[in-house]
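A.B. asks: So here's upload_36.txt (compact mmCIF, C-alpha atoms).
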```txt
# COMPACT_ATOMS: atom_id res chain seq x y z
CA MET P 1 38.06 67.57 -132.29
CA THR P 2 38.47 67.25 -136.06
CA PRO P 3 37.59 70.53 -137.80
CA LYS P 4 34.46 70.38 -139.93
CA LEU P 5 34.25 71.65 -143.47
CA VAL P 6 31.10 71.75 -145.57
CA ILE P 7 31.42 70.83 -149.22
CA ALA P 8 28.91 72.81 -151.25
CA SER P 9 27.77 69.81 -153.25
CA ARG P 10 25.20 67.06 -153.16
CA ASN P 11 27.24 65.07 -155.68
CA GLU P 12 28.50 61.95 -153.86
CA HIS P 13 31.13 61.31 -156.57
CA LYS P 14 32.62 64.71 -155.94
CA ILE P 15 32.55 64.44 -152.15
CA GLN P 16 34.25 61.04 -152.24
CA GLU P 17 36.89 62.40 -154.61
CA MET P 18 37.56 65.25 -152.15
CA ARG P 19 37.79 62.88 -149.19
CA ARG P 20 40.39 60.79 -151.05
CA ILE P 21 42.43 63.85 -151.99
CA LEU P 22 42.39 65.10 -148.40
CA GLU P 23 43.38 61.71 -147.02
CA GLN P 24 46.26 61.41 -149.45
CA ALA P 25 47.42 64.87 -148.44
CA GLY P 26 47.31 63.73 -144.80
CA ILE P 27 44.82 66.43 -143.89
CA HIS P 28 42.36 65.58 -141.13
CA VAL P 29 39.14 67.41 -141.69
CA GLU P 30 35.62 66.09 -141.41
CA LEU P 31 33.96 66.70 -144.77
CA VAL P 32 30.20 66.90 -144.94
CA GLY P 33 28.08 67.46 -148.02
CA THR P 34 25.10 69.78 -148.21
CA ALA P 35 22.78 66.76 -148.11
CA GLU P 36 23.19 67.18 -144.32
CA PHE P 37 21.49 70.58 -144.54
CA PRO P 38 18.18 69.80 -146.23
CA ASP P 39 16.86 73.33 -145.72
CA LEU P 40 19.75 74.94 -147.57
CA PRO P 41 18.28 76.89 -150.48
CA ASP P 42 19.56 76.01 -153.95
CA VAL P 43 22.43 78.23 -155.00
CA GLU P 44 21.87 79.70 -158.46
CA GLU P 45 25.02 79.44 -160.52
CA THR P 46 24.66 82.83 -162.16
CA GLY P 47 28.37 83.57 -162.51
CA SER P 48 30.02 83.57 -165.89
CA THR P 49 33.25 81.87 -164.75
CA PHE P 50 34.16 78.73 -162.81
CA ALA P 51 35.71 80.92 -160.08
CA ALA P 52 32.61 83.10 -159.67
CA ASN P 53 30.31 80.07 -159.43
CA ALA P 54 32.60 78.27 -156.99
CA MET P 55 32.61 81.34 -154.72
CA LEU P 56 28.82 81.79 -154.97
CA LYS P 57 28.43 78.26 -153.64
CA ALA P 58 31.07 78.47 -150.91
CA ARG P 59 29.75 81.81 -149.63
CA ALA P 60 26.10 80.75 -149.62
CA VAL P 61 26.83 77.52 -147.76
CA SER P 62 29.12 79.18 -145.24
CA GLU P 63 26.53 81.87 -144.51
CA PHE P 64 23.76 79.31 -144.11
CA THR P 65 25.64 76.80 -141.96
CA GLY P 66 27.90 79.12 -139.99
CA LEU P 67 30.78 76.78 -140.90
CA ALA P 68 33.74 77.04 -143.25
CA ALA P 69 32.74 75.86 -146.70
CA VAL P 70 34.37 74.81 -149.95
CA GLY P 71 32.57 75.29 -153.23
CA ASP P 72 33.87 74.05 -156.50
CA ASP P 73 32.86 74.46 -160.07
CA SER P 74 34.41 72.49 -162.82
CA GLY P 75 33.88 71.55 -166.40
CA LEU P 76 35.32 70.53 -169.69
CA CYS P 77 36.54 73.25 -172.05
CA VAL P 78 36.66 72.02 -175.64
CA ASP P 79 38.78 74.04 -178.07
CA ALA P 80 36.53 73.26 -181.06
CA LEU P 81 33.56 74.61 -179.05
CA ASN P 82 35.37 77.84 -178.07
CA GLY P 83 35.88 76.53 -174.55
CA MET P 84 32.33 75.26 -174.03
CA PRO P 85 30.58 73.34 -172.42
CA GLY P 86 32.69 75.07 -169.71
CA ILE P 87 30.56 76.28 -166.83
CA LEU P 88 27.56 74.56 -168.46
CA SER P 89 29.21 71.10 -168.51
CA ALA P 90 26.85 69.51 -166.01
CA ARG P 91 23.72 70.68 -167.85
CA TRP P 92 24.98 70.76 -171.42
CA SER P 93 22.12 68.61 -172.71
CA GLY P 94 19.55 70.79 -170.98
CA SER P 95 18.75 69.12 -167.70
CA HIS P 96 21.22 69.03 -164.82
CA GLY P 97 23.43 66.05 -164.12
CA ASN P 98 22.54 63.67 -166.94
CA ASP P 99 26.12 62.50 -167.57
CA SER P 100 25.38 60.15 -170.46
CA ALA P 101 23.14 62.64 -172.29
CA ASN P 102 25.77 65.38 -171.88
CA LEU P 103 28.53 63.13 -173.16
CA GLU P 104 26.48 61.86 -176.12
CA LEU P 105 25.56 65.40 -177.12
CA LEU P 106 29.17 66.56 -176.98
CA LEU P 107 30.32 63.60 -179.08
CA ALA P 108 27.65 64.36 -181.68
CA GLN P 109 28.58 68.06 -181.77
CA ILE P 110 32.25 67.36 -182.44
CA SER P 111 31.72 64.29 -184.63
CA GLN P 112 33.13 66.09 -187.68
CA VAL P 113 36.07 67.68 -185.88
CA PRO P 114 39.34 66.01 -187.01
CA ALA P 115 41.53 64.24 -184.43
CA ASP P 116 44.17 66.98 -184.39
CA ARG P 117 41.60 69.59 -183.39
CA ARG P 118 40.03 67.72 -180.48
CA ASN P 119 42.03 69.34 -177.68
CA ALA P 120 40.20 69.98 -174.43
CA SER P 121 40.92 70.84 -170.81
CA PHE P 122 39.19 69.98 -167.60
CA VAL P 123 39.17 73.04 -165.35
CA CYS P 124 38.25 73.21 -161.67
CA ALA P 125 37.89 76.28 -159.50
CA ALA P 126 37.79 75.67 -155.75
CA ALA P 127 36.62 78.46 -153.46
CA TYR P 128 36.85 78.72 -149.69
CA ALA P 129 34.65 80.93 -147.52
CA SER P 130 34.56 80.98 -143.75
CA PRO P 131 32.45 82.84 -141.19
CA ASP P 132 35.55 84.85 -140.14
CA GLY P 133 35.50 86.51 -143.59
CA THR P 134 38.35 84.55 -145.19
CA GLU P 135 37.67 83.98 -148.89
CA PHE P 136 39.81 82.78 -151.78
CA VAL P 137 39.62 80.85 -155.03
CA VAL P 138 42.21 78.66 -156.78
CA GLU P 139 42.11 76.84 -160.12
CA GLY P 140 43.50 73.58 -161.48
CA GLU P 141 43.65 72.28 -165.05
CA MET P 142 44.13 68.95 -166.78
CA ASN P 143 44.88 69.11 -170.52
CA GLY P 144 44.14 66.38 -173.01
CA SER P 145 42.16 65.45 -176.08
CA LEU P 146 38.83 63.84 -176.85
CA ILE P 147 38.18 60.48 -178.47
CA THR P 148 35.07 59.54 -180.45
CA ALA P 149 33.56 56.82 -178.24
CA PRO P 150 33.54 56.32 -174.44
CA LEU P 151 36.12 54.05 -172.78
CA GLY P 152 36.27 53.11 -169.10
CA ASP P 153 33.91 52.91 -166.15
CA ASN P 154 35.72 54.87 -163.46
CA GLY P 155 35.30 58.59 -163.14
CA PHE P 156 32.17 60.44 -164.15
CA GLY P 157 30.98 63.18 -166.47
CA TYR P 158 33.15 63.43 -169.56
CA ASP P 159 35.97 61.23 -168.20
CA PRO P 160 35.24 58.32 -170.60
CA ILE P 161 36.11 60.41 -173.69
CA PHE P 162 39.08 62.35 -172.27
CA ILE P 163 42.68 61.22 -172.68
CA PRO P 164 45.01 63.32 -170.51
CA THR P 165 48.14 64.60 -172.28
CA GLY P 166 50.99 62.12 -171.94
CA HIS P 167 48.68 59.17 -171.31
CA GLN P 168 47.19 56.47 -173.54
CA ILE P 169 44.00 55.82 -171.57
CA THR P 170 40.98 57.91 -170.65
CA SER P 171 40.61 59.39 -167.19
CA ALA P 172 37.73 56.91 -166.75
CA GLN P 173 40.19 54.04 -167.28
CA MET P 174 42.51 55.32 -164.55
CA SER P 175 42.39 54.27 -160.93
CA SER P 176 41.12 56.96 -158.57
CA GLU P 177 44.66 57.50 -157.25
CA GLU P 178 46.12 57.87 -160.74
CA LYS P 179 43.44 60.38 -161.67
CA ASP P 180 43.62 62.43 -158.47
CA ALA P 181 47.36 62.91 -159.01
CA ILE P 182 46.86 64.68 -162.35
CA SER P 183 43.27 65.91 -162.27
CA HIS P 184 42.00 69.48 -162.37
CA ARG P 185 40.10 68.89 -159.12
CA GLY P 186 43.10 67.23 -157.49
CA LYS P 187 45.30 70.18 -158.36
CA ALA P 188 42.77 72.81 -157.30
CA LEU P 189 42.03 71.11 -153.97
CA ALA P 190 45.73 70.55 -153.27
CA ALA P 191 46.31 74.26 -153.84
CA LEU P 192 43.31 75.17 -151.68
CA PHE P 193 44.27 72.96 -148.76
CA ALA P 194 47.88 74.15 -149.00
CA LEU P 195 46.60 77.69 -148.40
CA LEU P 196 44.54 76.74 -145.32
CA MET F 1 19.90 83.69 -221.56
CA THR F 2 19.73 84.24 -217.82
CA PRO F 3 23.01 83.23 -216.17
CA LYS F 4 22.74 80.19 -213.93
CA LEU F 5 24.14 80.01 -210.43
CA VAL F 6 24.12 76.93 -208.22
CA ILE F 7 23.34 77.43 -204.56
CA ALA F 8 25.24 74.86 -202.51
CA SER F 9 22.25 73.97 -200.38
CA ARG F 10 19.34 71.59 -200.25
CA ASN F 11 17.57 73.83 -197.75
CA GLU F 12 14.47 75.22 -199.49
CA HIS F 13 14.08 77.99 -196.86
CA LYS F 14 17.54 79.22 -197.68
CA ILE F 15 17.14 79.06 -201.45
CA GLN F 16 13.84 80.95 -201.29
CA GLU F 17 15.46 83.58 -199.08
CA MET F 18 18.26 83.98 -201.63
CA ARG F 19 15.79 84.27 -204.53
CA ARG F 20 13.95 87.07 -202.70
CA ILE F 21 17.15 88.92 -201.93
CA LEU F 22 18.29 88.69 -205.54
CA GLU F 23 14.91 89.85 -206.83
CA GLN F 24 14.87 92.82 -204.50
CA ALA F 25 18.37 93.72 -205.67
CA GLY F 26 17.09 93.58 -209.25
CA ILE F 27 19.58 90.89 -210.19
CA HIS F 28 18.48 88.42 -212.83
CA VAL F 29 20.14 85.09 -212.23
CA GLU F 30 18.60 81.64 -212.34
CA LEU F 31 19.22 80.07 -208.94
CA VAL F 32 19.21 76.32 -208.65
CA GLY F 33 19.72 74.27 -205.52
CA THR F 34 21.88 71.17 -205.31
CA ALA F 35 18.72 69.03 -205.22
CA GLU F 36 19.01 69.29 -209.03
CA PHE F 37 22.31 67.39 -208.87
CA PRO F 38 21.39 64.20 -207.03
CA ASP F 39 24.82 62.63 -207.63
CA LEU F 40 26.67 65.48 -205.93
CA PRO F 41 28.63 63.97 -203.04
CA ASP F 42 27.98 65.43 -199.59
CA VAL F 43 30.38 68.19 -198.73
CA GLU F 44 31.95 67.65 -195.31
CA GLU F 45 31.96 70.88 -193.33
CA THR F 46 35.38 70.37 -191.79
CA GLY F 47 36.34 74.06 -191.62
CA SER F 48 36.58 75.80 -188.29
CA THR F 49 35.05 79.08 -189.48
CA PHE F 50 31.90 80.13 -191.36
CA ALA F 51 34.08 81.44 -194.21
CA ALA F 52 36.04 78.20 -194.58
CA ASN F 53 32.88 76.08 -194.65
CA ALA F 54 31.14 78.40 -197.11
CA MET F 55 34.12 78.14 -199.46
CA LEU F 56 34.34 74.35 -199.11
CA LYS F 57 30.74 74.12 -200.29
CA ALA F 58 31.02 76.65 -203.13
CA ARG F 59 34.22 75.09 -204.46
CA ALA F 60 32.93 71.51 -204.31
CA VAL F 61 29.68 72.39 -206.09
CA SER F 62 31.40 74.48 -208.74
CA GLU F 63 33.89 71.71 -209.46
CA PHE F 64 31.16 69.09 -209.68
CA THR F 65 28.68 71.05 -211.80
CA GLY F 66 31.07 73.11 -213.93
CA LEU F 67 28.94 76.14 -213.06
CA ALA F 68 29.48 79.15 -210.83
CA ALA F 69 28.37 78.33 -207.30
CA VAL F 70 27.53 80.14 -204.08
CA GLY F 71 28.02 78.42 -200.77
CA ASP F 72 26.99 79.91 -197.51
CA ASP F 73 27.46 78.99 -193.91
CA SER F 74 25.69 80.76 -191.14
CA GLY F 75 24.86 80.39 -187.53
CA LEU F 76 24.05 82.00 -184.24
CA CYS F 77 26.92 83.13 -182.03
CA VAL F 78 25.81 83.45 -178.39
CA ASP F 79 28.04 85.52 -176.10
CA ALA F 80 27.25 83.42 -173.02
CA LEU F 81 28.34 80.31 -174.96
CA ASN F 82 31.62 81.88 -176.12
CA GLY F 83 30.23 82.37 -179.60
CA MET F 84 28.73 78.89 -179.97
CA PRO F 85 26.66 77.21 -181.44
CA GLY F 86 28.41 79.13 -184.28
CA ILE F 87 29.38 76.81 -187.12
CA LEU F 88 27.54 73.99 -185.33
CA SER F 89 24.21 75.85 -185.22
CA ALA F 90 22.39 73.48 -187.59
CA ARG F 91 23.42 70.37 -185.67
CA TRP F 92 23.69 71.73 -182.15
CA SER F 93 21.43 69.06 -180.69
CA GLY F 94 23.38 66.29 -182.41
CA SER F 95 21.57 65.49 -185.61
CA HIS F 96 21.53 67.87 -188.55
CA GLY F 97 18.64 70.22 -189.24
CA ASN F 98 16.32 69.59 -186.31
CA ASP F 99 15.40 73.25 -185.76
CA SER F 100 13.12 72.75 -182.79
CA ALA F 101 15.53 70.43 -180.95
CA ASN F 102 18.40 72.86 -181.55
CA LEU F 103 16.37 75.81 -180.29
CA GLU F 104 15.07 73.95 -177.22
CA LEU F 105 18.60 72.83 -176.31
CA LEU F 106 19.97 76.35 -176.62
CA LEU F 107 17.15 77.75 -174.46
CA ALA F 108 17.85 75.13 -171.79
CA GLN F 109 21.59 75.83 -171.85
CA ILE F 110 21.13 79.58 -171.30
CA SER F 111 18.13 79.28 -168.98
CA GLN F 112 20.10 80.70 -166.04
CA VAL F 113 21.80 83.47 -168.00
CA PRO F 114 20.38 86.87 -166.94
CA ALA F 115 18.66 89.09 -169.52
CA ASP F 116 21.54 91.56 -169.76
CA ARG F 117 23.96 88.80 -170.76
CA ARG F 118 21.90 87.24 -173.53
CA ASN F 119 23.54 89.04 -176.45
CA ALA F 120 23.95 87.08 -179.65
CA SER F 121 24.73 87.62 -183.33
CA PHE F 122 23.65 85.84 -186.45
CA VAL F 123 26.62 85.56 -188.80
CA CYS F 124 26.60 84.51 -192.45
CA ALA F 125 29.57 83.89 -194.72
CA ALA F 126 28.81 83.70 -198.44
CA ALA F 127 31.44 82.28 -200.77
CA TYR F 128 31.59 82.37 -204.56
CA ALA F 129 33.56 79.97 -206.71
CA SER F 130 33.48 79.75 -210.47
CA PRO F 131 35.12 77.45 -213.04
CA ASP F 132 37.27 80.38 -214.24
CA GLY F 133 39.05 80.34 -210.85
CA THR F 134 37.33 83.36 -209.30
CA GLU F 135 36.86 82.84 -205.55
CA PHE F 136 35.89 85.15 -202.71
CA VAL F 137 34.05 85.18 -199.38
CA VAL F 138 32.11 87.94 -197.66
CA GLU F 139 30.39 88.07 -194.25
CA GLY F 140 27.29 89.72 -192.85
CA GLU F 141 26.12 90.06 -189.24
CA MET F 142 22.89 90.81 -187.40
CA ASN F 143 23.24 91.66 -183.70
CA GLY F 144 20.55 91.17 -181.10
CA SER F 145 19.60 89.36 -177.93
CA LEU F 146 17.82 86.16 -176.99
CA ILE F 147 14.48 85.77 -175.25
CA THR F 148 13.43 82.81 -173.12
CA ALA F 149 10.56 81.37 -175.18
CA PRO F 150 9.92 81.27 -178.95
CA LEU F 151 7.76 83.92 -180.63
CA GLY F 152 6.68 84.03 -184.27
CA ASP F 153 6.23 81.58 -187.14
CA ASN F 154 8.20 83.18 -189.96
CA GLY F 155 11.88 82.51 -190.38
CA PHE F 156 13.58 79.30 -189.32
CA GLY F 157 16.32 78.02 -187.06
CA TYR F 158 16.82 80.28 -184.05
CA ASP F 159 14.74 83.19 -185.44
CA PRO F 160 11.88 82.71 -182.92
CA ILE F 161 14.13 83.55 -179.94
CA PHE F 162 16.19 86.35 -181.52
CA ILE F 163 15.30 90.03 -181.20
CA PRO F 164 17.44 92.15 -183.52
CA THR F 165 18.99 95.24 -181.91
CA GLY F 166 16.67 98.24 -182.27
CA HIS F 167 13.57 96.09 -182.71
CA GLN F 168 10.86 94.85 -180.33
CA ILE F 169 9.96 91.65 -182.18
CA THR F 170 11.83 88.47 -183.07
CA SER F 171 13.15 87.88 -186.56
CA ALA F 172 10.49 85.15 -186.80
CA GLN F 173 7.79 87.81 -186.28
CA MET F 174 9.11 89.96 -189.13
CA SER F 175 7.93 89.78 -192.71
CA SER F 176 10.44 88.28 -195.11
CA GLU F 177 11.16 91.72 -196.58
CA GLU F 178 11.73 93.28 -193.15
CA LYS F 179 14.11 90.47 -192.20
CA ASP F 180 16.06 90.43 -195.47
CA ALA F 181 16.79 94.14 -195.08
CA ILE F 182 18.62 93.64 -191.79
CA SER F 183 19.63 89.99 -191.78
CA HIS F 184 23.14 88.52 -191.77
CA ARG F 185 22.32 86.54 -194.92
CA GLY F 186 20.77 89.57 -196.61
CA LYS F 187 23.90 91.61 -195.91
CA ALA F 188 26.31 88.88 -196.96
CA LEU F 189 24.46 88.16 -200.22
CA ALA F 190 24.09 91.86 -201.01
CA ALA F 191 27.86 92.21 -200.60
CA LEU F 192 28.50 89.10 -202.68
CA PHE F 193 26.25 90.12 -205.55
CA ALA F 194 27.68 93.64 -205.48
CA LEU F 195 31.09 92.11 -206.16
CA LEU F 196 29.91 90.02 -209.10
```
Kindly present the structure from the file in structure tokens form.

C.D. replies:
Amino acid sequence: MTPKLVIASRNEHKIQEMRRILEQAGIHVELVGTAEFPDLPDVEETGSTFAANAMLKARAVSEFTGLAAVGDDSGLCVDALNGMPGILSARWSGSHGNDSANLELLLAQISQVPADRRNASFVCAAAYASPDGTEFVVEGEMNGSLITAPLGDNGFGYDPIFIPTGHQITSAQMSSEEKDAISHRGKALAALFALL
Amino acid sequence: MTPKLVIASRNEHKIQEMRRILEQAGIHVELVGTAEFPDLPDVEETGSTFAANAMLKARAVSEFTGLAAVGDDSGLCVDALNGMPGILSARWSGSHGNDSANLELLLAQISQVPADRRNASFVCAAAYASPDGTEFVVEGEMNGSLITAPLGDNGFGYDPIFIPTGHQITSAQMSSEEKDAISHRGKALAALFALL
């Protein structure tokens, strides 16, 4: 029987991304999202770091489901904003998950920041918690810089304004495979699954 | 003749605050805002610190008017946002000077931050530039913490959600005199005028 792992997320984009990364790594695990556990209480992301929030999610889901769980927390850290939106990336504009509002707000905030000071990094922390008490967290990063208007339809969140270092296109202009190979989430999940 | 000093601001709130502070210090200077110089080009705030932006404004206005000028830059630095909105305080929500939108956005961003991690500081840099080449910058700070809903009608900007350390009311619930005595701008201007 394929082992089952719960992903502490209702975000279909994220779950699909994880499935791809697992497949490419040749790991056979059945991933299920928390949409399959409708009674699961919302996990409050009260931590002040990506790692703390990732672990809060993994632990809560593992405790509730009795299964091993992976929680991740990720975001965009913009140098000119002292590393913000950071852990608040998904609700930067106030309400949770409004990608276009978040992106528009960020662009407006840094509209006067010159091109050579638009460095940013995507950061992802991935945490694992299992009923046998095993717990750990790993982090991955993708460095780059921000452009002034969105380009590309792949990806999600801030991908359309992020050009990874060494590339000429945004991470929203890359194919999924291209992005997974260099992305913060790709690196964090690769590290996590390597440890399992 | 009373000496004339140009305040590099079109913000009437700010100019009135400066007039009060000067009066209370017993300093007799005629303050004029840049509204009196309609042809003055907009000064781009391209600095990455309060001090740099304050000096950009003071220098530009002094050069244009041929008079001594004071520029200030101030903002609210929130610990949970790594010191942001900081120099972007006045345009945090995207467009410049929309106090209520800025405040509402900030409240939404920190809505999940617990009470004991809601520390913040108002910071003001005040810069002086005169045609004789004299230039300097000073800074003032007011520490406090943020509440979850606005209180008080005095003040402006983020005052209604800011409780100064050692006080039980927001800076928007204080009288102008009370606020000037402890405020970041009061301290910075007192230091600046002491140096003149």

A.B. asks: Asp132 of chain P: which residues within 12 Å, counting all atoms listed in the file, same-chain residues fewer than 2 positions away excluded, as a PyMOL selection string?

C.D. replies: chain P and resi 59+62-63+66-69+128-130+134-135

A.B. asks: Give as an NGL selection string the set of residues within 8 Å of the point (37.5, 67.7, -183.1), where distances use the file's coordinates and all atoms listed in the file.

C.D. replies: :P and (80 or 110-119 or 146)

A.B. asks: Chain P residues within 10 Å of chain F, counting only C-alpha atoms: which ones, as a PyMOL selection string?

C.D. replies: chain P and resi 44-48+80-89+91-96+104-114+117

A.B. asks: Write the residues of the selection above to a file with C-alpha atoms, as a PDB file, in the coordinates of the input.

C.D. replies:
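Output file result.pdb follows:
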```pdb
ATOM      1  CA  GLU P  44      21.870  79.700-158.460  1.00  0.00           C
ATOM      2  CA  GLU P  45      25.020  79.440-160.520  1.00  0.00           C
ATOM      3  CA  THR P  46      24.660  82.830-162.160  1.00  0.00           C
ATOM      4  CA  GLY P  47      28.370  83.570-162.510  1.00  0.00           C
ATOM      5  CA  SER P  48      30.020  83.570-165.890  1.00  0.00           C
ATOM      6  CA  ALA P  80      36.530  73.260-181.060  1.00  0.00           C
ATOM      7  CA  LEU P  81      33.560  74.610-179.050  1.00  0.00           C
ATOM      8  CA  ASN P  82      35.370  77.840-178.070  1.00  0.00           C
ATOM      9  CA  GLY P  83      35.880  76.530-174.550  1.00  0.00           C
ATOM     10  CA  MET P  84      32.330  75.260-174.030  1.00  0.00           C
ATOM     11  CA  PRO P  85      30.580  73.340-172.420  1.00  0.00           C
ATOM     12  CA  GLY P  86      32.690  75.070-169.710  1.00  0.00           C
ATOM     13  CA  ILE P  87      30.560  76.280-166.830  1.00  0.00           C
ATOM     14  CA  LEU P  88      27.560  74.560-168.460  1.00  0.00           C
ATOM     15  CA  SER P  89      29.210  71.100-168.510  1.00  0.00           C
ATOM     16  CA  ARG P  91      23.720  70.680-167.850  1.00  0.00           C
ATOM     17  CA  TRP P  92      24.980  70.760-171.420  1.00  0.00           C
ATOM     18  CA  SER P  93      22.120  68.610-172.710  1.00  0.00           C
ATOM     19  CA  GLY P  94      19.550  70.790-170.980  1.00  0.00           C
ATOM     20  CA  SER P  95      18.750  69.120-167.700  1.00  0.00           C
ATOM     21  CA  HIS P  96      21.220  69.030-164.820  1.00  0.00           C
ATOM     22  CA  GLU P 104      26.480  61.860-176.120  1.00  0.00           C
ATOM     23  CA  LEU P 105      25.560  65.400-177.120  1.00  0.00           C
ATOM     24  CA  LEU P 106      29.170  66.560-176.980  1.00  0.00           C
ATOM     25  CA  LEU P 107      30.320  63.600-179.080  1.00  0.00           C
ATOM     26  CA  ALA P 108      27.650  64.360-181.680  1.00  0.00           C
ATOM     27  CA  GLN P 109      28.580  68.060-181.770  1.00  0.00           C
ATOM     28  CA  ILE P 110      32.250  67.360-182.440  1.00  0.00           C
ATOM     29  CA  SER P 111      31.720  64.290-184.630  1.00  0.00           C
ATOM     30  CA  GLN P 112      33.130  66.090-187.680  1.00  0.00           C
ATOM     31  CA  VAL P 113      36.070  67.680-185.880  1.00  0.00           C
ATOM     32  CA  PRO P 114      39.340  66.010-187.010  1.00  0.00           C
ATOM     33  CA  ARG P 117      41.600  69.590-183.390  1.00  0.00           C
TER      34      ARG P 117
END
```

A.B. asks: Report, in Å to a single decimal, how far apart atom CA of Ala127 of chain P and atom CA of Asn53 of chain P are.

C.D. replies: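 Taking atom CA of Asn53 of chain P as the start and atom CA of Ala127 of chain P as the end point, the length is 8.8 Å.
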
A.B. asks: Could you please determine the separation between atom CA of Lys4 of chain P and atom CA of Gly26 of chain P in Å, to one decimal place?

C.D. replies: 15.3 Å

A.B. asks: In Å, with one decimal, what is the gap from atom CA of Ile163 of chain P to atom CA of Ser175 of chain P?

C.D. replies: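 Going from atom CA of Ile163 of chain P over to atom CA of Ser175 of chain P, I get 13.7 Å.
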
A.B. asks: Taking the point (18.7, 75.4, -186.9) as given in the file, collect each protein or nucleic acid residue that comes within 8 Å of it, counting only C-alpha atoms, and present the set as a VMD selection string.

C.D. replies: chain F and resid 75 89 to 92 97 to 100 102 to 103 156 to 158
